[in-house]
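Peer 1: Please find one structure pasted underneath; my questions will follow.
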Protein chains: 2
Amino acid sequence: MEYEVSKRMSDIKGSAIREIFKYAQDPEVISLAGGNPAPELFPNEELAQIAYELLMKQPVLSLQYGVTEGYTPLREAVKERIKRVENIGGTNDELIIVSGGQQCIDLATKVLVNEGDVVIVEEPSFIGAMNAFRSFGARLVGVPMDSDGMNIEALEKAIASNSNVKVIYTIPTFQNPMGVTMSLEKRKAVYEIAKKNNLIIIEDNPYGELTFDGTKLPTIKSMDTEGIVVYSGSFSKILAPGLRIGFMCADKSIVQKAVVAKQVSDVHTPMITQLLAYEYLKRYDIDSLIVKMRANYAHKCKTMLDAMEKYFPKDITYTQPGGGLFIWCDLMHGIDTLAISKKAIENKVVYVPGNTFMVDMNKTCSALRLNYSTMSDEKITEGIRRLGVLFNEIV
Amino acid sequence: MEYEVSKRMSDIKGSAIREIFKYAQDPEVISLAGGNPAPELFPNEELAQIAYELLMKQPVLSLQYGVTEGYTPLREAVKERIKRVENIGGTNDELIIVSGGQQCIDLATKVLVNEGDVVIVEEPSFIGAMNAFRSFGARLVGVPMDSDGMNIEALEKAIASNSNVKVIYTIPTFQNPMGVTMSLEKRKAVYEIAKKNNLIIIEDNPYGELTFDGTKLPTIKSMDTEGIVVYSGSFSKILAPGLRIGFMCADKSIVQKAVVAKQVSDVHTPMITQLLAYEYLKRYDIDSLIVKMRANYAHKCKTMLDAMEKYFPKDITYTQPGGGLFIWCDLMHGIDTLAISKKAIENKVVYVPGNTFMVDMNKTCSALRLNYSTMSDEKITEGIRRLGVLFNEIV
């Protein structure tokens, strides 16, 4: 039978990254394309013990329906933690547990954005968030990125020249895909601009704790006196992504609506995954796990940057992240990194072409995203060497 | 700050059932309001063992990101099972794992229904599904229920008198909230009507396996030669709801779009809950677990019906379910069961007033839903006795 796809979904393609992953299955292929955290740091033995105890001793709690807002002790533990670590959580804020950071963006969009409304995004930005906005019929307007976050003049222009702007979406810290961090001045400016224009900021912060040297800038949410920042947090990068545990912290009235949206979306996040996160936080020191992750990623990032210095043509530019998982590399000269990605696959190395992260994915893009968190040192170096050979032929 | 809730979400209230649950927290209150499966049958020891082994031996599989479609061995196991048990799955069908049956309805709606489109629902119907439709801006049109499923004349009239009808939503077997089952003739008729009018059927079947005497009617999906039936299945009622494992089986082209919608909603269903379901299916005989559930629910249903026969006024009517979790009871005489529910709470017994399940929840409803799956025999009988006292005063 012929059926018609809804308008909101008719133009969305699945993430191109997923297509690239097919090639990454080949064990000979070195994948610098993913965004997966390093699996060697998953605290699997601790989680195994917790899961066994919970299912044996608390079967009803672990297996029966739970409340949509999330397991109360986990909510309290996360509130306590983000207050301590990020100074987040005012008297008018509330927090719900969601099924990974992605669901926070999905629910916030569903609750706040009408079809045809404009969402302003950093350009490049996270494809998963952009597709979530698209999937509710939002119109994306991109704001170009500087090395210290979005260009403020361009942001003001984007707001002035578009009607029905509702949301500014930003990943201020160790941005995906660029790895850059928004300066304190720009954080303040973005907040003031949102306030002045009656806009909501969705602040997505999955990588914030993965700071290499331990330094951190204040989150935009920590400046939020007006209840205009929806903060998306996640345990995917600091505990384990397969658990799908994230949270939304926002003004009570927004969270209340998000709870209704979550109720009709998946009723609640699974109990066992919430309990695993809660008991891990209670029994172990997640901060020292994060310290290990920071050291691991700092080392891997340096390994990649050293190899890039050695093997890449000299006029290629790239970011020098202070944390997170990604390096953004620009080949310039109008080179099409999507076309080259096919040659890279032939050479058994994959990256994500930059056009993936753009509002208009059909425009040629000379940049690409590299990930250093999943591969071994040897594979990072060899992957960059293979790319270097290819880029030296082209640039 | 003042912000505006999206149009699609502005009129939706959280499920009234959740409000009632607050009273059900009181240990003196007998709750006949829930829809929870009986926790004494959760195979928690088996799941504890599986969880421990998986997290110890397969940490990367259990904790790393997975694919949006779901864990492939689980998908294959579920395909095999629904082929065997329900004769579902043609060559053009595909299956994805979702986070509970609720997410199947959510994704199907997102993919198929535009704002302003009509979704036809049985009236009364499941509040969670109706709110999912509402949350995408669908307009609900109710079709009254007979004792053998939706009234076919009324269905045809509803289709003829509304434009932009896209979907017929039905729970053909042991319907929520009525507990009635659609006859084979009506299943065929609904399918033919959908086919003739180019409509999609969403067939929601969470209770189908909970048949008291083991007899079953063919699912509508098993008749689906045209690829017009989206089948929503769930492990919530046959394994454990807290796992949030359900599935969508539908025409490939619909599933493909649903995968994109799921990717932007929650990336994928957690790995550990998928693995628990898969390993349970592989290592144990879920069919014999279901046989135990059937006997348990058949006994509890009979206990409730016996008590209703003994304590309720004689001119009250109620359904006699052949399976599932619910009895629908009509006090008639224009009685408002919402108003009486407050008196019931004073008498320490709760049910769900019928208006909750109606398209227009503000209309007075003389019916109510009773659940027998969670309480002990003694509490079922005492709860019905308390209601009987109340109803005898009123009717």
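Naming works like this for the structure tokens: A, B, ... for the chains as they're shown, residue 1 at the start of each chain, ligands 1 onward in shown order.
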Distance limit 7 Å, atoms considered: only C-alpha atoms. Which chain A residues sit that close to chain B? Return them as a PyMOL selection string.
Peer 2: chain A and resi 1+4-7+9+13-14+36+39+44-45+47-49+51-52+55-56+59-60+62-66+99-100+102-103+106+111-114+128+131-132+226-228+240-244+260+264-267+270-272
Peer 1: Can you list, as a PyMOL selection string, every protein, DNA or RNA residue that comes within 12 Å of B:Thr374 when you count only C-alpha atoms, leaving out same-chain residues fewer than 3 positions away?
Peer 2: (chain A and resi 60+64-65) or (chain B and resi 24+30-41+237+293+296-297+300-301+304+325-326+370-371+377-380)
Peer 1: Give the answer as one residue: which of B:Arg139, B:Asp11, B:Met248, B:Ser366 has the shortest atom-to-atom distance to B:Gly70, using only C-alpha atoms?
Peer 2: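 Once distances to B:Gly70 are computed over only C-alpha atoms, the minimum belongs to B:Met248.
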Peer 1: Using only C-alpha atoms, determine which residues lie at most 6 Å from stretch 307-317 of chain B, disregarding the query and same-chain residues fewer than 3 positions distant; provide the list as a list of chain:residue names.
Peer 2: B:Met304, B:Cys329, B:Asp330, B:Leu331, B:Thr381, B:Arg385, B:Gly388, B:Asn392
Peer 1: With C-alpha atoms retained, export the selected residues as a JSON list (two decimals), in the first residue's frame.
Peer 2:
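Output file result_5.json is given in full below:
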[["chain", "number", "residue", "atom", "x", "y", "z"],
["B", 304, "MET", "CA", -12.88, -10.30, 41.54],
["B", 329, "CYS", "CA", -17.93, -1.91, 35.07],
["B", 330, "ASP", "CA", -20.88, 0.35, 34.24],
["B", 331, "LEU", "CA", -22.96, 1.80, 37.10],
["B", 381, "THR", "CA", -12.40, -9.24, 47.73],
["B", 385, "ARG", "CA", -16.76, -5.23, 49.18],
["B", 388, "GLY", "CA", -20.15, -2.60, 46.87],
["B", 392, "ASN", "CA", -25.37, 0.17, 46.98]]
Peer 1: Can you list, as a PyMOL selection string, every residue of stretch 136-275 of chain B that DSSP puts in strand (DSSP E)?
Peer 2: chain B and resi 139-146+149-150+165-170+200-204+229-234+246-251
